[in-house]
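For reference, structure23.txt is printed below; it contains compact mmCIF, C-alpha atoms.
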```txt
# COMPACT_ATOMS: atom_id res chain seq x y z
CA MET A 276 -18.22 64.06 -22.40
CA GLU A 277 -16.07 66.62 -20.62
CA ILE A 278 -15.21 70.05 -22.05
CA LYS A 279 -12.25 72.17 -20.97
CA GLN A 280 -11.96 75.64 -22.48
CA LEU A 281 -8.67 77.53 -22.72
CA THR A 282 -7.74 81.01 -23.91
CA ASP A 283 -3.96 81.03 -24.44
CA PRO A 284 -2.76 81.79 -27.07
CA TYR A 285 -6.29 81.87 -28.56
CA PRO A 286 -9.66 80.35 -27.63
CA HIS A 287 -9.73 76.56 -27.92
CA ALA A 288 -11.19 73.59 -26.10
CA ILE A 289 -10.50 69.96 -25.27
CA LEU A 290 -13.37 67.46 -25.35
CA THR A 291 -12.70 64.02 -23.92
CA GLU A 292 -14.76 60.88 -24.46
CA VAL A 293 -16.76 62.62 -27.16
CA ILE A 294 -18.04 59.23 -28.32
CA PRO A 295 -19.48 56.92 -25.63
CA ARG A 296 -16.89 54.32 -24.64
CA ASP A 297 -18.95 51.32 -25.71
CA VAL A 298 -19.59 52.84 -29.12
CA TYR A 299 -15.99 53.98 -29.61
CA ALA A 300 -14.78 50.44 -28.90
CA GLN A 301 -16.78 49.22 -31.90
CA LEU A 302 -15.41 51.74 -34.41
CA LYS A 303 -13.18 50.37 -37.15
CA PHE A 304 -11.15 52.87 -39.16
CA PRO A 305 -11.59 52.09 -42.87
CA GLU A 306 -8.83 50.82 -45.10
CA LEU A 307 -7.92 53.72 -47.36
CA GLU A 308 -5.84 53.97 -50.51
CA ARG A 309 -3.25 56.71 -50.61
CA ARG A 310 -4.05 59.70 -52.82
CA ASN A 311 -1.33 62.11 -53.86
CA ASN A 312 -3.57 65.13 -54.47
CA THR A 313 -4.98 65.42 -50.94
CA ARG A 314 -3.60 66.98 -47.79
CA ALA A 315 -3.33 63.98 -45.48
CA GLY A 316 -2.70 61.28 -48.06
CA TRP A 317 -5.30 58.83 -46.80
CA ASP A 318 -8.79 60.25 -46.45
CA LEU A 319 -12.53 60.14 -47.01
CA PHE A 320 -13.98 63.53 -47.94
CA LYS A 321 -17.55 64.47 -47.15
CA GLY A 322 -19.61 64.41 -50.34
CA GLU A 323 -17.53 61.84 -52.21
CA LYS A 324 -19.24 58.69 -53.45
CA ARG A 325 -17.02 56.36 -51.45
CA TYR A 326 -17.59 58.50 -48.33
CA ASN A 327 -21.34 58.15 -48.68
CA GLU A 328 -21.01 54.42 -49.34
CA PHE A 329 -18.85 53.90 -46.25
CA PHE A 330 -21.26 55.58 -43.85
CA ALA A 331 -24.24 53.85 -45.46
CA GLN A 332 -22.62 50.45 -44.92
CA ASP A 333 -21.29 50.98 -41.38
CA PRO A 334 -24.13 51.61 -38.88
CA ILE A 335 -21.77 52.35 -35.97
CA TRP A 336 -19.92 55.05 -37.89
CA LYS A 337 -23.21 56.44 -39.20
CA ARG A 338 -24.50 56.70 -35.65
CA VAL A 339 -21.39 58.61 -34.56
CA LYS A 340 -21.49 60.94 -37.54
CA ASP A 341 -25.21 61.63 -37.11
CA VAL A 342 -24.52 62.86 -33.56
CA LEU A 343 -21.28 64.81 -34.09
CA ASP A 344 -22.48 66.29 -37.37
CA SER A 345 -25.87 67.27 -35.97
CA GLU A 346 -27.26 70.76 -35.51
CA GLU A 347 -27.53 70.17 -31.76
CA PHE A 348 -23.84 69.35 -31.38
CA ILE A 349 -22.65 72.02 -33.82
CA LEU A 350 -24.61 74.82 -32.16
CA SER A 351 -23.51 73.67 -28.70
CA ILE A 352 -19.91 74.31 -29.75
CA CYS A 353 -20.80 77.73 -31.12
CA ARG A 354 -22.63 78.66 -27.91
CA ALA A 355 -19.57 77.77 -25.86
CA PHE A 356 -17.77 80.60 -27.70
CA THR A 357 -20.66 83.07 -27.83
CA HIS A 358 -18.70 86.08 -26.58
CA GLU A 359 -15.75 85.49 -28.90
CA LEU A 360 -18.05 85.14 -31.93
CA LYS A 361 -20.01 88.25 -30.95
CA ALA A 362 -16.76 90.24 -31.15
CA GLN A 363 -16.68 89.20 -34.81
CA GLU A 364 -20.32 90.34 -35.27
CA ILE A 365 -21.53 86.74 -35.37
CA ASP A 366 -24.82 86.21 -33.53
CA VAL A 367 -24.95 82.60 -32.35
CA ASP A 368 -28.75 82.73 -32.06
CA LYS A 369 -28.98 83.49 -35.81
CA LEU A 370 -26.74 80.65 -36.96
CA LYS A 371 -28.43 78.04 -39.12
CA LEU A 372 -26.90 74.74 -40.19
CA ILE A 373 -27.43 74.07 -43.89
CA ASP A 374 -26.83 71.05 -46.09
CA PHE A 375 -23.90 72.38 -48.10
CA VAL A 376 -21.03 70.19 -49.28
CA GLU A 377 -17.68 71.85 -49.87
CA THR A 378 -16.20 70.12 -52.92
CA PRO A 379 -12.60 68.86 -52.91
CA ALA A 380 -11.74 71.63 -55.37
CA GLN A 381 -13.24 74.27 -53.06
CA LEU A 382 -11.31 72.75 -50.18
CA GLN A 383 -8.12 73.87 -51.93
CA MET A 384 -9.38 77.44 -52.40
CA GLY A 385 -9.26 80.46 -50.11
CA HIS A 386 -12.53 81.93 -51.43
CA ILE A 387 -15.77 80.26 -52.47
CA ALA A 388 -18.21 83.18 -52.04
CA PHE A 389 -17.92 86.96 -51.80
CA ASN A 390 -21.32 88.06 -50.50
CA LYS A 391 -21.96 89.23 -46.94
CA PHE A 392 -21.98 86.61 -44.19
CA ASP A 393 -25.54 85.30 -43.89
CA HIS A 394 -25.18 83.27 -40.66
CA LYS A 395 -25.63 80.02 -42.59
CA ILE A 396 -23.03 77.44 -41.64
CA PHE A 397 -21.98 73.98 -42.79
CA THR A 398 -19.57 71.32 -41.58
CA ARG A 399 -16.81 69.00 -42.66
CA PHE A 400 -16.46 65.58 -41.07
CA ASP A 401 -13.64 63.89 -42.96
CA LEU A 402 -11.75 60.73 -42.03
CA GLN A 403 -8.00 61.18 -42.45
CA ALA A 404 -4.77 59.34 -41.75
CA SER A 405 -1.07 60.01 -42.17
CA ASN A 406 2.23 58.22 -41.74
CA GLY A 407 3.75 61.47 -40.54
CA THR A 408 5.20 62.66 -43.84
CA THR A 409 2.10 64.57 -44.99
CA LEU A 410 1.45 66.70 -41.89
CA ARG A 411 1.43 70.49 -42.18
CA ASN A 412 3.48 73.21 -40.50
CA PRO A 413 1.78 75.79 -38.24
CA HIS A 414 -1.03 77.53 -40.11
CA VAL A 415 -4.53 78.95 -39.81
CA ASP A 416 -7.41 77.42 -41.73
CA HIS A 417 -9.43 79.13 -44.45
CA ALA A 418 -10.98 82.41 -43.32
CA ARG A 419 -14.45 80.96 -43.91
CA ARG A 420 -13.91 78.47 -41.08
CA LEU A 421 -15.47 79.57 -37.80
CA PHE A 422 -13.94 76.56 -36.06
CA GLY A 423 -11.45 73.89 -36.89
CA GLY A 424 -10.68 70.72 -35.00
CA VAL A 425 -9.37 67.19 -34.87
CA LEU A 426 -10.94 64.17 -33.20
CA PHE A 427 -8.21 61.59 -32.71
CA LEU A 428 -8.99 57.95 -33.41
CA CYS A 429 -5.69 56.52 -32.22
CA ASP A 430 -3.09 56.79 -29.49
CA GLY A 431 0.35 58.14 -30.25
CA GLU A 432 2.14 55.62 -28.04
CA GLU A 433 0.25 52.68 -29.54
CA GLU A 434 1.26 53.85 -33.03
CA GLY A 435 4.92 54.13 -32.05
CA MET A 436 4.76 57.84 -32.75
CA VAL A 437 7.27 60.39 -31.53
CA GLY A 438 5.89 63.85 -32.21
CA GLY A 439 2.64 64.44 -34.04
CA ASP A 440 0.92 65.99 -31.03
CA PHE A 441 -1.63 68.75 -31.62
CA GLY A 442 0.22 72.03 -31.16
CA VAL A 443 -1.01 75.57 -30.57
CA TRP A 444 1.39 78.25 -31.70
CA ARG A 445 1.94 81.99 -31.35
CA ASP A 446 3.37 84.12 -34.15
CA ARG A 447 6.05 86.35 -32.64
CA GLN A 448 5.82 88.56 -35.74
CA TYR A 449 2.02 88.53 -35.99
CA ARG A 450 0.75 90.86 -38.73
CA GLY A 451 -2.94 89.97 -38.90
CA ASP A 452 -2.62 88.55 -42.42
CA ARG A 453 -3.23 84.87 -41.49
CA ILE A 454 0.29 84.04 -42.64
CA PRO A 455 2.78 82.44 -40.21
CA HIS A 456 5.95 84.49 -39.91
CA ASP A 457 7.83 83.37 -36.80
CA CYS A 458 5.76 80.84 -34.86
CA GLU A 459 6.71 79.55 -31.43
CA LEU A 460 5.08 76.52 -29.84
CA VAL A 461 2.95 77.50 -26.83
CA ASN A 462 1.45 74.16 -25.86
CA THR A 463 0.98 70.61 -27.12
CA TYR A 464 -1.82 68.13 -26.61
CA PRO A 465 -1.18 64.41 -27.00
CA VAL A 466 -2.73 62.14 -29.57
CA ARG A 467 -5.20 60.13 -27.48
CA HIS A 468 -8.15 57.94 -28.35
CA ASN A 469 -11.53 59.69 -28.50
CA THR A 470 -10.11 63.13 -27.75
CA PHE A 471 -11.31 66.18 -29.64
CA TYR A 472 -9.32 69.42 -29.91
CA ILE A 473 -11.28 72.35 -31.33
CA PHE A 474 -10.33 75.99 -31.80
CA LEU A 475 -11.80 79.29 -32.86
CA ASN A 476 -10.21 79.97 -36.24
CA ARG A 477 -9.14 83.58 -35.68
CA ASN A 478 -6.40 85.36 -37.59
CA ASP A 479 -3.95 84.37 -34.84
CA SER A 480 -5.10 80.75 -34.40
CA PHE A 481 -1.90 79.12 -35.60
CA HIS A 482 -2.00 75.38 -35.07
CA GLY A 483 -0.45 72.23 -36.41
CA PRO A 484 1.19 69.00 -35.35
CA THR A 485 4.64 68.83 -33.90
CA PRO A 486 7.13 67.16 -36.27
CA VAL A 487 6.87 63.38 -36.42
CA THR A 488 10.36 61.91 -35.99
CA GLN A 489 9.25 58.32 -35.63
CA ILE A 490 6.11 56.29 -36.33
CA SER A 491 5.42 52.60 -36.83
CA GLY A 492 1.66 52.82 -37.35
CA MET A 493 -0.68 55.55 -38.56
CA ARG A 494 -1.97 58.82 -37.15
CA ARG A 495 -5.77 58.66 -37.61
CA TRP A 496 -8.34 61.36 -36.99
CA VAL A 497 -11.54 63.08 -38.02
CA TYR A 498 -10.95 66.48 -39.57
CA PHE A 499 -13.78 68.65 -38.30
CA SER A 500 -14.78 72.19 -39.16
CA ILE A 501 -17.70 74.60 -38.91
CA SER A 502 -17.70 77.05 -41.83
CA ALA A 503 -19.57 79.70 -43.70
CA ARG A 504 -19.58 80.05 -47.46
CA GLN A 505 -18.21 83.56 -47.02
CA ASN A 506 -14.97 84.55 -45.31
CA VAL A 507 -15.82 85.54 -41.74
CA TRP A 508 -12.33 86.49 -40.53
CA LYS A 509 -11.09 89.64 -42.20
CA PRO A 510 -7.37 90.40 -42.31
CA ASP A 511 -6.36 93.14 -39.92
CA PRO A 512 -6.59 96.60 -41.55
CA GLY A 513 -3.56 97.29 -43.71
CA SER A 514 -2.12 93.79 -43.35
CA LEU A 515 -2.60 92.88 -47.02
CA SER A 516 -1.62 94.96 -50.01
CA LEU A 517 -3.68 95.02 -53.20
CA ARG A 518 -0.96 92.91 -54.78
CA GLN A 519 -1.29 90.25 -52.05
CA LYS A 520 -5.08 90.20 -52.39
CA THR A 521 -4.82 89.78 -56.15
CA LYS A 522 -2.21 87.06 -55.73
CA GLY A 523 -4.56 85.18 -53.40
CA LEU A 524 -7.33 85.16 -55.97
CA VAL A 525 -4.97 84.02 -58.71
CA LEU A 526 -3.68 81.20 -56.52
CA ASP A 527 -7.26 80.09 -55.89
CA GLY A 528 -7.72 79.71 -59.64
CA VAL A 529 -4.44 77.83 -59.97
CA ARG A 530 -5.36 75.43 -57.13
CA PHE A 531 -8.75 74.83 -58.72
CA CYS A 532 -7.16 73.91 -62.06
CA GLN A 533 -4.40 71.80 -60.48
CA TYR A 534 -6.93 69.74 -58.55
CA HIS A 535 -8.98 68.90 -61.65
CA VAL A 536 -5.93 68.22 -63.81
CA SER A 537 -4.53 65.81 -61.19
CA ASN A 538 -7.88 64.01 -61.08
CA LEU A 539 -7.91 63.65 -64.87
CA LYS A 540 -4.41 62.15 -64.81
CA ALA A 541 -5.43 59.72 -62.07
CA SER A 542 -8.57 58.55 -63.91
```

For this file, write the structure as structure tokens.
Amino acid sequence: MEIKQLTDPYPHAILTEVIPRDVYAQLKFPELERRNNTRAGWDLFKGEKRYNEFFAQDPIWKRVKDVLDSEEFILSICRAFTHELKAQEIDVDKLKLIDFVETPAQLQMGHIAFNKFDHKIFTRFDLQASNGTTLRNPHVDHARRLFGGVLFLCDGEEEGMVGGDFGVWRDRQYRGDRIPHDCELVNTYPVRHNTFYIFLNRNDSFHGPTPVTQISGMRRWVYFSISARQNVWKPDPGSLSLRQKTKGLVLDGVRFCQYHVSNLKAS
């Protein structure tokens, strides 16, 4: 595995051949049914029954997940960004990986805990796919995410895909509120087999795929994140009004209710 770290427009890294070649060649992406109440459309979320069943039944995938979702691998990523995390008062040596599963409802919410950051972290390792119509515009992830990332399990050219590359963006009207205002594309990284793009999820870490204008197959990846239960990235001082903060909490409640109502309708 090779790691290349970059700093513009924010700290991120490229990891190639994350999975040994012989193991990667044996991986088979699961057949997934489309779901309308999820972000990608086709996915397996950590903690779901069918997610657990899939990894229990596929020894190759279980082997991969056990390595990439391990404390050794997770902390190695954190250590690679020690200085950047220290600037946020995060001591890498105090980080502890815990067995915490973020529910699908919590995944839709901006807040899941309000106490002080306790240096306990957890991960997401979700299988996702898209036909290009469900991809998001430039954004930053939840403020509880220390890192976000995608491990691609396909090749853009093989899938007949034009666009869909992993893009890093800069907000020309950056306000420190984690909201994109006027984003410009700084760089793109192609969708390539067994290639992992990971980034420090700062207030200015705007990322997202370039628009997909053509695709004959599917864009497949692992959605990866390292998170705390508390928000670790605070908005820049004065960037959010009391009204905006209140609105954020209300929207969290609305998203929570919408998720459960959609599940009831689907059942």

What is the distance between CA of Ala288 in chain A and CA of Pro334 in chain A, in Å to one decimal?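 Spanning CA of Ala288 in chain A to CA of Pro334 in chain A is a straight-line distance of 28.5 Å.
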
Residues within 9 Å of Lys303 in chain A, please, as number ranges by chain. Count only C-alpha atoms; anything in the same chain fewer than 4 positions from it doesn't count. A: 299, 335-336

Considering all atoms listed in the file, can you say which of A:Thr282, A:Asn412, A:Thr488, A:Gln301 comes closest to Pro455 in chain A? A:Asn412

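Across A:Ile278, A:Ala418, A:Leu302, A:Leu460, the tightest approach to Asp446 in chain A is made by A:Leu460 when counting only C-alpha atoms.
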
Using only C-alpha atoms, the residue out of A:Gln448, A:Asn478, A:Ser500, A:Thr463 with shortest distance to Leu421 in chain A is A:Ser500

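Among the candidate residues A:Thr470, A:Thr357, A:Gln519, A:Gln383, the one lying nearest to Leu290 in chain A is A:Thr470, with distances computed using only C-alpha atoms.
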
Might you pull out every residue within 7 Å of range 474-476 of chain A, with all atoms listed in the file counted and same-chain residues fewer than 2 positions away left off, and present them as a ChimeraX atom specification? /A:286-288,415-416,420-424,472,478,480

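Counting all atoms listed in the file, the residue from A:Tyr498, A:Phe389, A:Phe356, A:Trp317 that sits nearest to Asp401 in chain A is A:Tyr498.
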
Work out how far CA of Gly439 in chain A is from CA of Leu410 in chain A, in Å to one decimal. 8.3 Å

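The list of residues with at least one atom within 12 Å of Phe329 in chain A, based on only C-alpha atoms and without residues fewer than 4 positions apart in the same chain, reads Lys303, Phe304, Pro305, Glu306, Leu307, Asp318, Leu319, Phe320, Lys321, Gly322, Glu323, Lys324, Arg325, Asp333, Pro334, Ile335, Trp336, Lys337, Lys340, Asp401 and Leu402 of chain A.
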
Atom-to-atom span, CA of Leu426 in chain A and CA of Val487 in chain A, Å: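 Straight-line distance from CA of Leu426 in chain A to CA of Val487 in chain A works out to 18.1 Å.
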
If I put a ball of radius 12 Å at (4.7, 58.6, -45.4) in the file's coordinates, which residues poke into it when counting only C-alpha atoms, written as a list in words?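 Counting only C-alpha atoms, I find these residues within 12 Å of (4.7, 58.6, -45.4): Arg309, Arg310, Asn311, Ala315, Gly316, Trp317, Ala404, Ser405, Asn406, Gly407, Thr408, Thr409, Leu410, Val487, Thr488, Gln489, Ile490, Ser491, Gly492, Met493 and Arg494 of chain A.
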
Pick from A:Glu377, A:Glu433, A:Glu459, A:Asp440 nearest to Arg419 in chain A, counting only C-alpha atoms: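 Smallest distance to Arg419 in chain A is found for A:Glu377.
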
May I have the protein, DNA and RNA residues with an atom at most 12 Å from (-20.2, 85.4, -46.6), counting only C-alpha atoms in the file's coordinates, returned as an mmCIF file with C-alpha atoms, in the coordinates of the input?
```cif
data_model
loop_
_atom_site.group_PDB
_atom_site.id
_atom_site.type_symbol
_atom_site.label_atom_id
_atom_site.label_comp_id
_atom_site.auth_asym_id
_atom_site.auth_seq_id
_atom_site.Cartn_x
_atom_site.Cartn_y
_atom_site.Cartn_z
ATOM 1 C CA ILE A 365 -21.530 86.740 -35.370
ATOM 2 C CA HIS A 386 -12.530 81.930 -51.430
ATOM 3 C CA ILE A 387 -15.770 80.260 -52.470
ATOM 4 C CA ALA A 388 -18.210 83.180 -52.040
ATOM 5 C CA PHE A 389 -17.920 86.960 -51.800
ATOM 6 C CA ASN A 390 -21.320 88.060 -50.500
ATOM 7 C CA LYS A 391 -21.960 89.230 -46.940
ATOM 8 C CA PHE A 392 -21.980 86.610 -44.190
ATOM 9 C CA ASP A 393 -25.540 85.300 -43.890
ATOM 10 C CA HIS A 394 -25.180 83.270 -40.660
ATOM 11 C CA LYS A 395 -25.630 80.020 -42.590
ATOM 12 C CA ILE A 396 -23.030 77.440 -41.640
ATOM 13 C CA ALA A 418 -10.980 82.410 -43.320
ATOM 14 C CA ARG A 419 -14.450 80.960 -43.910
ATOM 15 C CA ARG A 420 -13.910 78.470 -41.080
ATOM 16 C CA LEU A 421 -15.470 79.570 -37.800
ATOM 17 C CA SER A 502 -17.700 77.050 -41.830
ATOM 18 C CA ALA A 503 -19.570 79.700 -43.700
ATOM 19 C CA ARG A 504 -19.580 80.050 -47.460
ATOM 20 C CA GLN A 505 -18.210 83.560 -47.020
ATOM 21 C CA ASN A 506 -14.970 84.550 -45.310
ATOM 22 C CA VAL A 507 -15.820 85.540 -41.740
ATOM 23 C CA TRP A 508 -12.330 86.490 -40.530
ATOM 24 C CA LYS A 509 -11.090 89.640 -42.200
#
```

Which residues are near Phe427 in chain A? Cut-off 7 Å, all atoms listed in the file, ignore same chain within fewer than 6 positions. Put them as a PyMOL selection string. chain A and resi 466-471+495-497
